[in-house]
>>> print(open('upload.pdb').read())   # PDB, C-alpha atoms, pLDDT in the B column
ATOM      1  CA  MET A  24      26.072  -9.729 -30.727  1.00 47.00           C
ATOM      2  CA  PRO A  25      27.905 -13.043 -30.344  1.00 50.00           C
ATOM      3  CA  ARG A  26      30.679 -13.824 -27.928  1.00 47.00           C
ATOM      4  CA  VAL A  27      33.138 -16.601 -28.715  1.00 42.00           C
ATOM      5  CA  THR A  28      35.050 -18.675 -26.151  1.00 39.00           C
ATOM      6  CA  LEU A  29      38.087 -20.719 -27.239  1.00 37.00           C
ATOM      7  CA  HIS A  30      40.075 -23.128 -25.078  1.00 36.00           C
ATOM      8  CA  ILE A  31      43.742 -22.593 -25.956  1.00 36.00           C
ATOM      9  CA  GLY A  32      46.626 -23.824 -23.838  1.00 42.00           C
ATOM     10  CA  GLY A  33      44.350 -24.599 -20.911  1.00 45.00           C
ATOM     11  CA  PHE A  34      42.903 -21.072 -20.780  1.00 46.00           C
ATOM     12  CA  LYS A  35      39.504 -19.765 -21.848  1.00 54.00           C
ATOM     13  CA  ARG A  36      40.170 -17.049 -24.404  1.00 58.00           C
ATOM     14  CA  ARG A  37      37.190 -14.910 -25.244  1.00 69.00           C
ATOM     15  CA  GLY A  38      36.382 -12.625 -28.094  1.00 78.00           C
ATOM     16  CA  TYR A  39      33.419 -10.479 -28.996  1.00 81.00           C
ATOM     17  CA  GLY A  40      32.133  -9.255 -32.334  1.00 78.00           C
ATOM     18  CA  SER A  41      29.413  -9.375 -34.942  1.00 81.00           C
ATOM     19  CA  THR A  42      28.735  -9.492 -38.657  1.00 78.00           C
ATOM     20  CA  GLU A  43      28.117  -5.727 -38.642  1.00 81.00           C
ATOM     21  CA  ALA A  44      31.193  -4.763 -36.631  1.00 79.00           C
ATOM     22  CA  GLY A  45      33.748  -7.551 -37.095  1.00 77.00           C
ATOM     23  CA  GLY A  46      35.997  -8.299 -34.128  1.00 80.00           C
ATOM     24  CA  ILE A  47      35.495  -5.782 -31.320  1.00 84.00           C
ATOM     25  CA  SER A  48      37.507  -7.272 -28.459  1.00 85.00           C
ATOM     26  CA  ARG A  49      39.764 -10.247 -27.747  1.00 76.00           C
ATOM     27  CA  MET A  50      42.121 -11.846 -25.257  1.00 75.00           C
ATOM     28  CA  ILE A  51      45.752 -12.522 -26.201  1.00 73.00           C
ATOM     29  CA  SER A  52      47.905 -13.293 -23.178  1.00 67.00           C
ATOM     30  CA  GLN A  53      47.367 -15.739 -20.322  1.00 68.00           C
ATOM     31  CA  GLU A  54      47.216 -12.755 -17.963  1.00 70.00           C
ATOM     32  CA  GLU A  55      44.241 -11.358 -19.865  1.00 69.00           C
ATOM     33  CA  CYS A  56      42.499 -14.726 -19.620  1.00 67.00           C
ATOM     34  CA  THR A  57      42.418 -14.424 -15.827  1.00 70.00           C
ATOM     35  CA  HIS A  58      39.840 -11.619 -16.049  1.00 72.00           C
ATOM     36  CA  ILE A  59      36.841 -13.850 -15.445  1.00 74.00           C
ATOM     37  CA  GLY A  60      33.686 -12.790 -17.269  1.00 78.00           C
ATOM     38  CA  SER A  61      35.446 -10.321 -19.535  1.00 84.00           C
ATOM     39  CA  ALA A  62      35.339 -10.361 -23.339  1.00 84.00           C
ATOM     40  CA  GLY A  63      38.896  -9.020 -23.408  1.00 85.00           C
ATOM     41  CA  ARG A  64      40.413  -5.701 -24.439  1.00 85.00           C
ATOM     42  CA  VAL A  65      39.272  -3.692 -27.448  1.00 86.00           C
ATOM     43  CA  SER A  66      40.915  -4.723 -30.728  1.00 85.00           C
ATOM     44  CA  GLU A  67      43.199  -2.502 -32.784  1.00 83.00           C
ATOM     45  CA  ASN A  68      41.574   0.041 -35.116  1.00 84.00           C
ATOM     46  CA  VAL A  69      38.303  -0.068 -33.182  1.00 88.00           C
ATOM     47  CA  GLU A  70      36.898   2.858 -31.205  1.00 91.00           C
ATOM     48  CA  VAL A  71      34.388   2.119 -28.474  1.00 93.00           C
ATOM     49  CA  LYS A  72      32.418   4.077 -25.928  1.00 95.00           C
ATOM     50  CA  ILE A  73      29.797   3.297 -23.316  1.00 94.00           C
ATOM     51  CA  VAL A  74      26.843   5.673 -23.440  1.00 94.00           C
ATOM     52  CA  ASP A  75      23.762   6.316 -21.350  1.00 88.00           C
ATOM     53  CA  GLN A  76      20.825   4.520 -22.983  1.00 79.00           C
ATOM     54  CA  VAL A  77      18.559   7.567 -22.584  1.00 75.00           C
ATOM     55  CA  THR A  78      20.820  10.594 -23.121  1.00 86.00           C
ATOM     56  CA  SER A  79      23.517   8.948 -25.319  1.00 88.00           C
ATOM     57  CA  LYS A  80      26.145  10.767 -23.242  1.00 92.00           C
ATOM     58  CA  PRO A  81      29.469   8.918 -22.684  1.00 93.00           C
ATOM     59  CA  LEU A  82      29.881   7.178 -19.323  1.00 94.00           C
ATOM     60  CA  PRO A  83      33.074   6.710 -17.279  1.00 94.00           C
ATOM     61  CA  ALA A  84      34.809   3.397 -16.579  1.00 92.00           C
ATOM     62  CA  GLY A  85      32.801   0.973 -14.488  1.00 92.00           C
ATOM     63  CA  GLN A  86      29.368   2.332 -15.403  1.00 91.00           C
ATOM     64  CA  GLN A  87      26.934   0.248 -17.441  1.00 89.00           C
ATOM     65  CA  GLY A  88      25.478   1.565 -20.677  1.00 90.00           C
ATOM     66  CA  GLU A  89      25.076   0.743 -24.354  1.00 91.00           C
ATOM     67  CA  LEU A  90      28.254  -0.095 -26.251  1.00 92.00           C
ATOM     68  CA  TRP A  91      28.848   1.985 -29.398  1.00 94.00           C
ATOM     69  CA  VAL A  92      31.668   1.131 -31.821  1.00 93.00           C
ATOM     70  CA  ARG A  93      33.354   2.832 -34.773  1.00 92.00           C
ATOM     71  CA  GLY A  94      36.225   1.945 -37.117  1.00 89.00           C
ATOM     72  CA  PRO A  95      37.265   0.728 -40.573  1.00 87.00           C
ATOM     73  CA  SER A  96      35.919  -2.789 -39.968  1.00 83.00           C
ATOM     74  CA  ILE A  97      32.430  -1.502 -39.150  1.00 86.00           C
ATOM     75  CA  MET A  98      29.834  -1.838 -41.892  1.00 89.00           C
ATOM     76  CA  THR A  99      28.715   1.377 -43.568  1.00 87.00           C
ATOM     77  CA  GLY A 100      25.015   0.583 -43.432  1.00 88.00           C
ATOM     78  CA  TYR A 101      22.124  -1.603 -44.588  1.00 88.00           C
ATOM     79  CA  VAL A 102      21.506  -1.325 -48.330  1.00 89.00           C
ATOM     80  CA  GLY A 103      18.158   0.295 -49.120  1.00 87.00           C
ATOM     81  CA  ASP A 104      16.986   0.415 -45.487  1.00 89.00           C
ATOM     82  CA  ASP A 105      17.133   4.009 -44.331  1.00 88.00           C
ATOM     83  CA  GLU A 106      14.986   3.317 -41.280  1.00 86.00           C
ATOM     84  CA  ALA A 107      17.338   0.605 -39.990  1.00 84.00           C
ATOM     85  CA  ASN A 108      20.375   2.810 -40.660  1.00 87.00           C
ATOM     86  CA  ALA A 109      18.844   5.713 -38.727  1.00 88.00           C
ATOM     87  CA  THR A 110      18.216   3.400 -35.775  1.00 84.00           C
ATOM     88  CA  THR A 111      21.593   1.647 -35.866  1.00 89.00           C
ATOM     89  CA  PHE A 112      23.962   4.580 -36.495  1.00 91.00           C
ATOM     90  CA  ASP A 113      24.335   8.059 -35.055  1.00 91.00           C
ATOM     91  CA  SER A 114      25.304  11.129 -37.091  1.00 90.00           C
ATOM     92  CA  GLU A 115      29.030  10.542 -36.444  1.00 92.00           C
ATOM     93  CA  GLY A 116      29.068   6.960 -37.694  1.00 90.00           C
ATOM     94  CA  TRP A 117      28.926   5.179 -34.333  1.00 93.00           C
ATOM     95  CA  LEU A 118      27.273   1.757 -34.539  1.00 91.00           C
ATOM     96  CA  LYS A 119      24.863   1.120 -31.663  1.00 91.00           C
ATOM     97  CA  THR A 120      25.356  -2.509 -30.666  1.00 88.00           C
ATOM     98  CA  GLY A 121      22.279  -2.859 -28.473  1.00 85.00           C
ATOM     99  CA  ASP A 122      24.433  -4.519 -25.801  1.00 88.00           C
ATOM    100  CA  LEU A 123      24.530  -3.394 -22.174  1.00 87.00           C
ATOM    101  CA  CYS A 124      28.234  -3.315 -21.231  1.00 90.00           C
ATOM    102  CA  TYR A 125      30.881  -1.663 -19.103  1.00 93.00           C
ATOM    103  CA  ILE A 126      34.652  -1.237 -19.349  1.00 93.00           C
ATOM    104  CA  ASP A 127      36.700  -1.518 -16.164  1.00 92.00           C
ATOM    105  CA  GLN A 128      39.671   0.615 -15.099  1.00 91.00           C
ATOM    106  CA  ASP A 129      42.068  -1.787 -16.853  1.00 88.00           C
ATOM    107  CA  GLY A 130      40.285  -1.526 -20.198  1.00 89.00           C
ATOM    108  CA  PHE A 131      38.539  -4.911 -20.113  1.00 89.00           C
ATOM    109  CA  LEU A 132      35.106  -5.106 -21.692  1.00 90.00           C
ATOM    110  CA  PHE A 133      32.262  -6.826 -19.849  1.00 90.00           C
ATOM    111  CA  ILE A 134      28.973  -7.654 -21.567  1.00 86.00           C
ATOM    112  CA  VAL A 135      26.018  -7.622 -19.190  1.00 84.00           C
ATOM    113  CA  ASP A 136      23.006  -8.259 -21.421  1.00 81.00           C
ATOM    114  CA  ARG A 137      21.053  -7.239 -24.511  1.00 82.00           C
ATOM    115  CA  LEU A 138      19.164  -3.975 -23.985  1.00 81.00           C
ATOM    116  CA  LYS A 139      16.012  -5.318 -25.603  1.00 81.00           C
ATOM    117  CA  GLU A 140      15.996  -8.193 -23.094  1.00 83.00           C
ATOM    118  CA  LEU A 141      16.129  -5.978 -20.002  1.00 89.00           C
ATOM    119  CA  ILE A 142      13.234  -6.271 -17.565  1.00 92.00           C
ATOM    120  CA  LYS A 143      11.531  -2.906 -16.955  1.00 91.00           C
ATOM    121  CA  TYR A 144      10.793  -2.871 -13.209  1.00 94.00           C
ATOM    122  CA  LYS A 145       9.223   0.503 -12.351  1.00 91.00           C
ATOM    123  CA  ALA A 146      11.894   3.059 -13.385  1.00 85.00           C
ATOM    124  CA  TYR A 147      14.692   0.507 -13.302  1.00 88.00           C
ATOM    125  CA  GLN A 148      16.200  -1.820 -15.907  1.00 86.00           C
ATOM    126  CA  VAL A 149      17.080  -5.305 -14.677  1.00 91.00           C
ATOM    127  CA  PRO A 150      19.485  -7.521 -16.701  1.00 89.00           C
ATOM    128  CA  PRO A 151      18.231 -11.144 -16.704  1.00 91.00           C
ATOM    129  CA  ALA A 152      21.756 -12.520 -17.246  1.00 87.00           C
ATOM    130  CA  GLU A 153      22.996 -10.958 -14.010  1.00 88.00           C
ATOM    131  CA  LEU A 154      20.266 -12.657 -11.983  1.00 93.00           C
ATOM    132  CA  GLU A 155      20.825 -15.937 -13.813  1.00 92.00           C
ATOM    133  CA  LEU A 156      24.462 -15.980 -12.699  1.00 89.00           C
ATOM    134  CA  VAL A 157      23.363 -15.487  -9.092  1.00 93.00           C
ATOM    135  CA  LEU A 158      20.757 -18.231  -9.349  1.00 95.00           C
ATOM    136  CA  GLN A 159      23.149 -20.682 -10.978  1.00 92.00           C
ATOM    137  CA  SER A 160      25.646 -20.129  -8.163  1.00 92.00           C
ATOM    138  CA  LEU A 161      23.196 -21.444  -5.546  1.00 94.00           C
ATOM    139  CA  PRO A 162      24.048 -25.035  -4.526  1.00 91.00           C
ATOM    140  CA  GLU A 163      20.643 -26.676  -5.097  1.00 95.00           C
ATOM    141  CA  ILE A 164      20.015 -25.103  -8.511  1.00 96.00           C
ATOM    142  CA  VAL A 165      21.100 -26.944 -11.668  1.00 95.00           C
ATOM    143  CA  ASP A 166      20.007 -24.285 -14.149  1.00 95.00           C
ATOM    144  CA  ALA A 167      17.916 -21.125 -14.296  1.00 96.00           C
ATOM    145  CA  ALA A 168      16.525 -18.463 -16.585  1.00 95.00           C
ATOM    146  CA  VAL A 169      14.977 -15.102 -15.768  1.00 95.00           C
ATOM    147  CA  MET A 170      12.158 -13.488 -17.722  1.00 93.00           C
ATOM    148  CA  PRO A 171       9.774 -10.546 -17.272  1.00 92.00           C
ATOM    149  CA  TYR A 172       6.363 -11.188 -15.721  1.00 92.00           C
ATOM    150  CA  PRO A 173       3.546  -8.628 -16.120  1.00 91.00           C
ATOM    151  CA  HIS A 174       2.730  -6.645 -12.995  1.00 92.00           C
ATOM    152  CA  GLU A 175       0.019  -3.997 -12.679  1.00 91.00           C
ATOM    153  CA  GLU A 176       1.974  -1.624 -10.424  1.00 92.00           C
ATOM    154  CA  ALA A 177       5.602  -2.241 -11.467  1.00 93.00           C
ATOM    155  CA  GLY A 178       5.045  -2.903 -15.165  1.00 92.00           C
ATOM    156  CA  GLN A 179       7.235  -6.012 -15.073  1.00 94.00           C
ATOM    157  CA  ILE A 180       8.842  -8.073 -12.333  1.00 95.00           C
ATOM    158  CA  PRO A 181      11.753 -10.551 -12.596  1.00 95.00           C
ATOM    159  CA  MET A 182      10.495 -14.136 -12.605  1.00 95.00           C
ATOM    160  CA  ALA A 183      12.877 -17.069 -12.332  1.00 96.00           C
ATOM    161  CA  LEU A 184      12.480 -20.433 -14.037  1.00 95.00           C
ATOM    162  CA  VAL A 185      14.507 -22.801 -11.898  1.00 96.00           C
ATOM    163  CA  VAL A 186      15.707 -26.372 -12.392  1.00 95.00           C
ATOM    164  CA  LYS A 187      16.376 -27.948  -8.991  1.00 95.00           C
ATOM    165  CA  GLN A 188      18.782 -30.730  -8.206  1.00 94.00           C
ATOM    166  CA  SER A 189      17.154 -34.155  -8.048  1.00 92.00           C
ATOM    167  CA  GLY A 190      15.606 -34.673  -4.626  1.00 92.00           C
ATOM    168  CA  SER A 191      15.986 -31.031  -3.591  1.00 94.00           C
ATOM    169  CA  LYS A 192      13.274 -29.526  -1.386  1.00 94.00           C
ATOM    170  CA  LEU A 193      14.218 -25.960  -2.298  1.00 95.00           C
ATOM    171  CA  THR A 194      11.236 -23.587  -2.027  1.00 96.00           C
ATOM    172  CA  GLU A 195      10.243 -20.443  -3.901  1.00 96.00           C
ATOM    173  CA  ALA A 196      10.760 -18.371  -0.747  1.00 96.00           C
ATOM    174  CA  GLU A 197      14.283 -19.746  -0.263  1.00 97.00           C
ATOM    175  CA  VAL A 198      15.251 -18.904  -3.837  1.00 97.00           C
ATOM    176  CA  MET A 199      13.979 -15.333  -3.533  1.00 97.00           C
ATOM    177  CA  TYR A 200      15.658 -14.863  -0.144  1.00 97.00           C
ATOM    178  CA  ASN A 201      19.066 -16.106  -1.302  1.00 96.00           C
ATOM    179  CA  VAL A 202      19.019 -13.924  -4.414  1.00 96.00           C
ATOM    180  CA  ALA A 203      17.840 -10.862  -2.476  1.00 96.00           C
ATOM    181  CA  LYS A 204      20.922 -11.098  -0.244  1.00 95.00           C
ATOM    182  CA  GLN A 205      23.182 -10.601  -3.270  1.00 94.00           C
ATOM    183  CA  VAL A 206      21.460  -7.974  -5.417  1.00 93.00           C
ATOM    184  CA  ALA A 207      20.055  -4.455  -5.215  1.00 93.00           C
ATOM    185  CA  PRO A 208      16.424  -4.270  -3.971  1.00 94.00           C
ATOM    186  CA  TYR A 209      14.981  -3.466  -7.406  1.00 94.00           C
ATOM    187  CA  LYS A 210      16.699  -6.529  -8.912  1.00 95.00           C
ATOM    188  CA  LYS A 211      15.133  -9.049  -6.541  1.00 96.00           C
ATOM    189  CA  ILE A 212      13.426 -12.136  -7.933  1.00 96.00           C
ATOM    190  CA  ARG A 213       9.723 -11.732  -7.140  1.00 96.00           C
ATOM    191  CA  LYS A 214       8.288 -14.939  -8.589  1.00 95.00           C
ATOM    192  CA  VAL A 215       9.756 -18.439  -8.980  1.00 95.00           C
ATOM    193  CA  VAL A 216       8.530 -21.362 -11.083  1.00 94.00           C
ATOM    194  CA  PHE A 217      10.261 -24.740 -10.897  1.00 94.00           C
ATOM    195  CA  VAL A 218      10.681 -26.428 -14.290  1.00 92.00           C
ATOM    196  CA  ASP A 219      12.343 -29.582 -15.608  1.00 90.00           C
ATOM    197  CA  SER A 220      14.620 -27.821 -18.111  1.00 92.00           C
ATOM    198  CA  ILE A 221      15.577 -24.499 -19.711  1.00 93.00           C
ATOM    199  CA  PRO A 222      15.284 -24.166 -23.524  1.00 90.00           C
ATOM    200  CA  LYS A 223      18.741 -23.604 -25.008  1.00 88.00           C
ATOM    201  CA  SER A 224      20.472 -23.535 -28.369  1.00 84.00           C
ATOM    202  CA  PRO A 225      23.139 -26.154 -29.259  1.00 82.00           C
ATOM    203  CA  SER A 226      25.776 -23.634 -28.111  1.00 71.00           C
ATOM    204  CA  GLY A 227      24.138 -23.358 -24.692  1.00 79.00           C
ATOM    205  CA  LYS A 228      22.502 -19.940 -25.119  1.00 81.00           C
ATOM    206  CA  ILE A 229      19.119 -19.497 -23.441  1.00 87.00           C
ATOM    207  CA  LEU A 230      16.346 -19.275 -26.041  1.00 88.00           C
ATOM    208  CA  ARG A 231      14.549 -16.332 -24.446  1.00 84.00           C
ATOM    209  CA  ARG A 232      11.842 -16.134 -27.085  1.00 83.00           C
ATOM    210  CA  GLU A 233      10.811 -19.679 -26.191  1.00 88.00           C
ATOM    211  CA  LEU A 234      10.659 -19.194 -22.421  1.00 88.00           C
ATOM    212  CA  VAL A 235       6.945 -18.313 -22.276  1.00 84.00           C
ATOM    213  CA  ASN A 236       5.861 -21.294 -24.388  1.00 85.00           C
ATOM    214  CA  HIS A 237       8.302 -23.548 -22.539  1.00 81.00           C
ATOM    215  CA  LEU A 238       6.777 -22.472 -19.223  1.00 80.00           C
ATOM    216  CA  ARG A 239       3.269 -23.253 -20.480  1.00 80.00           C
ATOM    217  CA  ILE A 240       4.354 -26.708 -21.652  1.00 77.00           C
ATOM    218  CA  CYS A 241       5.978 -27.443 -18.276  1.00 72.00           C
ATOM    219  CA  GLU A 242       2.845 -26.346 -16.422  1.00 68.00           C
ATOM    220  CA  LEU A 243       0.570 -28.440 -18.672  1.00 66.00           C
ATOM    221  CA  SER A 244       2.779 -31.514 -18.170  1.00 65.00           C
ATOM    222  CA  ARG A 245       2.112 -31.306 -14.445  1.00 65.00           C
ATOM    223  CA  LEU A 246      -1.669 -31.359 -14.846  1.00 54.00           C
TER     224      LEU A 246
END
>>> encode(input="upload.pdb", output="structure tokens")
Amino acid sequence: MPRVTLHIGGFKRRGYGSTEAGGISRMISQEECTHIGSAGRVSENVEVKIVDQVTSKPLPAGQQGELWVRGPSIMTGYVGDDEANATTFDSEGWLKTGDLCYIDQDGFLFIVDRLKELIKYKAYQVPPAELELVLQSLPEIVDAAVMPYPHEEAGQIPMALVVKQSGSKLTEAEVMYNVAKQVAPYKKIRKVVFVDSIPKSPSGKILRRELVNHLRICELSRL
């Protein structure tokens, strides 16, 4: 689901919504805009809940799970597609967004990642976007993307595609070490490939479906 950022009065005002659900959250005041990384508070006439991805049981504030929404602005279903409706809605009319989110104690919504993009490391789910923020905060890294890499024992491991600053001598080991200091053990980057660029849309969103082909092209260009 898309997030929208507007620059109004010197502040970044964010909103979150979709074609299926309309506007789900938004920021209004300057005070709300100071909640960095948030998509704002839930809009009027919209019900939301965060549920466990496996059990579908509601989760308390601060815990990550799938965001479900319900309200008059939510679509009633896909015409003639019973299979899609059964997957998208529960029996009480909640729309399953497919987004991994959490709501803090103050009612601000935070979007972590898309569930279908999570890396399955052993019994854990690793959000690529979380690791990308850590990587992009490192001083010698210009840009980065994280993708799953097949692993016989773990199933998948997080692999980082990293764009270094010009002239940087940053090594794979240094990248993995610096990330490991900031994340839980199961979220550690376990493979690093240095590339010249990250494929992105005109709006700046990482084109995850193109990462594998982009990596192959970068590797071939070095031969």
>>> residues_around(input="upload.pdb", residues="Gly100 in chain A", least_positions_apart="4", cutoff="10 Å", atoms="only C-alpha atoms", output="number ranges by chain")
A: 43, 104-105, 107-109, 111-112, 116, 118
>>> resolve_selection(input="upload.pdb", expression="the PyMOL selection byres ((chain A and resi 92) around 7)", output="PDB file with C-alpha atoms, in the frame of the given file")
ATOM      1  CA  VAL A  69      38.303  -0.068 -33.182  1.00 88.00           C
ATOM      2  CA  GLU A  70      36.898   2.858 -31.205  1.00 91.00           C
ATOM      3  CA  VAL A  71      34.388   2.119 -28.474  1.00 93.00           C
ATOM      4  CA  LYS A  72      32.418   4.077 -25.928  1.00 95.00           C
ATOM      5  CA  LEU A  90      28.254  -0.095 -26.251  1.00 92.00           C
ATOM      6  CA  TRP A  91      28.848   1.985 -29.398  1.00 94.00           C
ATOM      7  CA  ARG A  93      33.354   2.832 -34.773  1.00 92.00           C
ATOM      8  CA  TRP A 117      28.926   5.179 -34.333  1.00 93.00           C
ATOM      9  CA  LEU A 118      27.273   1.757 -34.539  1.00 91.00           C
ATOM     10  CA  LYS A 119      24.863   1.120 -31.663  1.00 91.00           C
TER      11      LYS A 119
END
>>> closest_residue(input="upload.pdb", among="A:Leu156, A:Ala167, A:Val215, A:Leu123", to="Tyr200 in chain A", atoms="all atoms listed in the file")
A:Val215
>>> closest_residue(input="upload.pdb", among="A:Cys124, A:Val102, A:Ala196, A:Leu184", to="Pro83 in chain A", atoms="all atoms listed in the file")
A:Cys124
>>> closest_residue(input="upload.pdb", among="A:Glu195, A:Ile126, A:Gly40, A:Met50", to="Pro81 in chain A", atoms="only C-alpha atoms")
A:Ile126
>>> residues_around(input="upload.pdb", residues="Glu89 in chain A", least_positions_apart="4", cutoff="10 Å", atoms="only C-alpha atoms", output="JSON, numbers by chain")
{"A": [72, 73, 74, 75, 76, 77, 79, 81, 82, 119, 120, 121, 122, 123, 124, 125, 134, 135, 136, 137, 138]}
>>> resolve_selection(input="upload.pdb", expression="the PyMOL selection byres ((chain A and resi 141) around 10)", output="list in words")
Leu123, Asp136, Arg137, Leu138, Lys139, Glu140, Ile142, Lys143, Tyr144, Tyr147, Gln148, Val149, Pro150, Pro151, Ala152, Met170, Pro171 and Pro181 of chain A
>>> write_last_selection(input="upload.pdb", atoms="C-alpha atoms", output="PDB file, in the frame of the given file")
ATOM      1  CA  LEU A 123      24.530  -3.394 -22.174  1.00 87.00           C
ATOM      2  CA  ASP A 136      23.006  -8.259 -21.421  1.00 81.00           C
ATOM      3  CA  ARG A 137      21.053  -7.239 -24.511  1.00 82.00           C
ATOM      4  CA  LEU A 138      19.164  -3.975 -23.985  1.00 81.00           C
ATOM      5  CA  LYS A 139      16.012  -5.318 -25.603  1.00 81.00           C
ATOM      6  CA  GLU A 140      15.996  -8.193 -23.094  1.00 83.00           C
ATOM      7  CA  ILE A 142      13.234  -6.271 -17.565  1.00 92.00           C
ATOM      8  CA  LYS A 143      11.531  -2.906 -16.955  1.00 91.00           C
ATOM      9  CA  TYR A 144      10.793  -2.871 -13.209  1.00 94.00           C
ATOM     10  CA  TYR A 147      14.692   0.507 -13.302  1.00 88.00           C
ATOM     11  CA  GLN A 148      16.200  -1.820 -15.907  1.00 86.00           C
ATOM     12  CA  VAL A 149      17.080  -5.305 -14.677  1.00 91.00           C
ATOM     13  CA  PRO A 150      19.485  -7.521 -16.701  1.00 89.00           C
ATOM     14  CA  PRO A 151      18.231 -11.144 -16.704  1.00 91.00           C
ATOM     15  CA  ALA A 152      21.756 -12.520 -17.246  1.00 87.00           C
ATOM     16  CA  MET A 170      12.158 -13.488 -17.722  1.00 93.00           C
ATOM     17  CA  PRO A 171       9.774 -10.546 -17.272  1.00 92.00           C
ATOM     18  CA  PRO A 181      11.753 -10.551 -12.596  1.00 95.00           C
TER      19      PRO A 181
END
>>> resolve_selection(input="upload.pdb", expression="the PyMOL selection byres ((chain A and resi 98) around 9)", output="PyMOL selection string")
chain A and resi 42-45+94-97+99-101+118
>>> atom_distance(input="upload.pdb", atom1="CA of Gly88 in chain A", atom2="CA of Asp166 in chain A")
27.2 Å
>>> atom_distance(input="upload.pdb", atom1="CA of Met182 in chain A", atom2="CA of Ala146 in chain A")
17.3 Å
>>> atom_distance(input="upload.pdb", atom1="CA of Val235 in chain A", atom2="CA of Tyr209 in chain A")
22.5 Å
>>> residues_around(input="upload.pdb", residues="Gln128 in chain A", least_positions_apart="3", cutoff="9 Å", atoms="only C-alpha atoms", output="number ranges by chain")
A: 84-85, 131
>>> write_last_selection(input="upload.pdb", atoms="C-alpha atoms", output="mmCIF file, in the frame of the given file")
data_model
loop_
_atom_site.group_PDB
_atom_site.id
_atom_site.type_symbol
_atom_site.label_atom_id
_atom_site.label_comp_id
_atom_site.auth_asym_id
_atom_site.auth_seq_id
_atom_site.Cartn_x
_atom_site.Cartn_y
_atom_site.Cartn_z
ATOM 1 C CA ALA A 84 34.809 3.397 -16.579
ATOM 2 C CA GLY A 85 32.801 0.973 -14.488
ATOM 3 C CA PHE A 131 38.539 -4.911 -20.113
#
>>> closest_residue(input="upload.pdb", among="A:Pro162, A:Gly46, A:Gly103, A:Gly130", to="His58 in chain A", atoms="only C-alpha atoms")
A:Gly130
>>> residues_around(input="upload.pdb", residues="His237 in chain A", least_positions_apart="2", cutoff="12 Å", atoms="all atoms listed in the file", output="PyMOL selection string")
chain A and resi 168+170+184+216-223+229-235+239-244
>>> decode(input="upload.pdb", residues="range 77-87 of chain A", atoms="N, CA, C and O atoms", output="CSV table (one decimal), in the first residue's frame")
chain,number,residue,atom,x,y,z
A,77,VAL,N,0.2,-15.2,12.0
A,77,VAL,CA,-0.1,-16.7,12.0
A,77,VAL,C,-1.4,-17.0,12.6
A,77,VAL,O,-2.3,-17.6,12.0
A,78,THR,N,-1.7,-16.4,13.8
A,78,THR,CA,-2.9,-16.7,14.5
A,78,THR,C,-4.1,-15.7,14.2
A,78,THR,O,-5.2,-16.0,14.6
A,79,SER,N,-3.8,-14.6,13.7
A,79,SER,CA,-4.7,-13.5,13.4
A,79,SER,C,-5.3,-12.9,14.7
A,79,SER,O,-6.3,-12.2,14.7
A,80,LYS,N,-4.7,-13.1,15.8
A,80,LYS,CA,-5.1,-12.6,17.1
A,80,LYS,C,-4.6,-11.1,17.2
A,80,LYS,O,-3.4,-10.8,16.9
A,81,PRO,N,-5.4,-10.2,17.8
A,81,PRO,CA,-4.9,-8.8,17.9
A,81,PRO,C,-3.7,-8.7,18.8
A,81,PRO,O,-3.6,-9.4,19.8
A,82,LEU,N,-2.8,-7.7,18.5
A,82,LEU,CA,-1.6,-7.5,19.3
A,82,LEU,C,-1.7,-6.2,20.0
A,82,LEU,O,-2.3,-5.2,19.5
A,83,PRO,N,-1.0,-6.0,21.1
A,83,PRO,CA,-1.0,-4.8,21.8
A,83,PRO,C,-0.1,-3.7,21.2
A,83,PRO,O,0.6,-4.0,20.2
A,84,ALA,N,-0.2,-2.5,21.7
A,84,ALA,CA,0.6,-1.4,21.1
A,84,ALA,C,2.1,-1.7,21.2
A,84,ALA,O,2.6,-2.4,22.1
A,85,GLY,N,2.8,-1.4,20.1
A,85,GLY,CA,4.3,-1.6,20.1
A,85,GLY,C,4.7,-2.9,19.4
A,85,GLY,O,5.9,-3.0,19.1
A,86,GLN,N,3.8,-3.8,19.3
A,86,GLN,CA,4.1,-5.1,18.7
A,86,GLN,C,3.8,-5.1,17.2
A,86,GLN,O,2.8,-4.6,16.7
A,87,GLN,N,4.7,-5.7,16.4
A,87,GLN,CA,4.6,-5.7,14.9
A,87,GLN,C,3.7,-6.9,14.5
A,87,GLN,O,3.8,-8.0,15.0
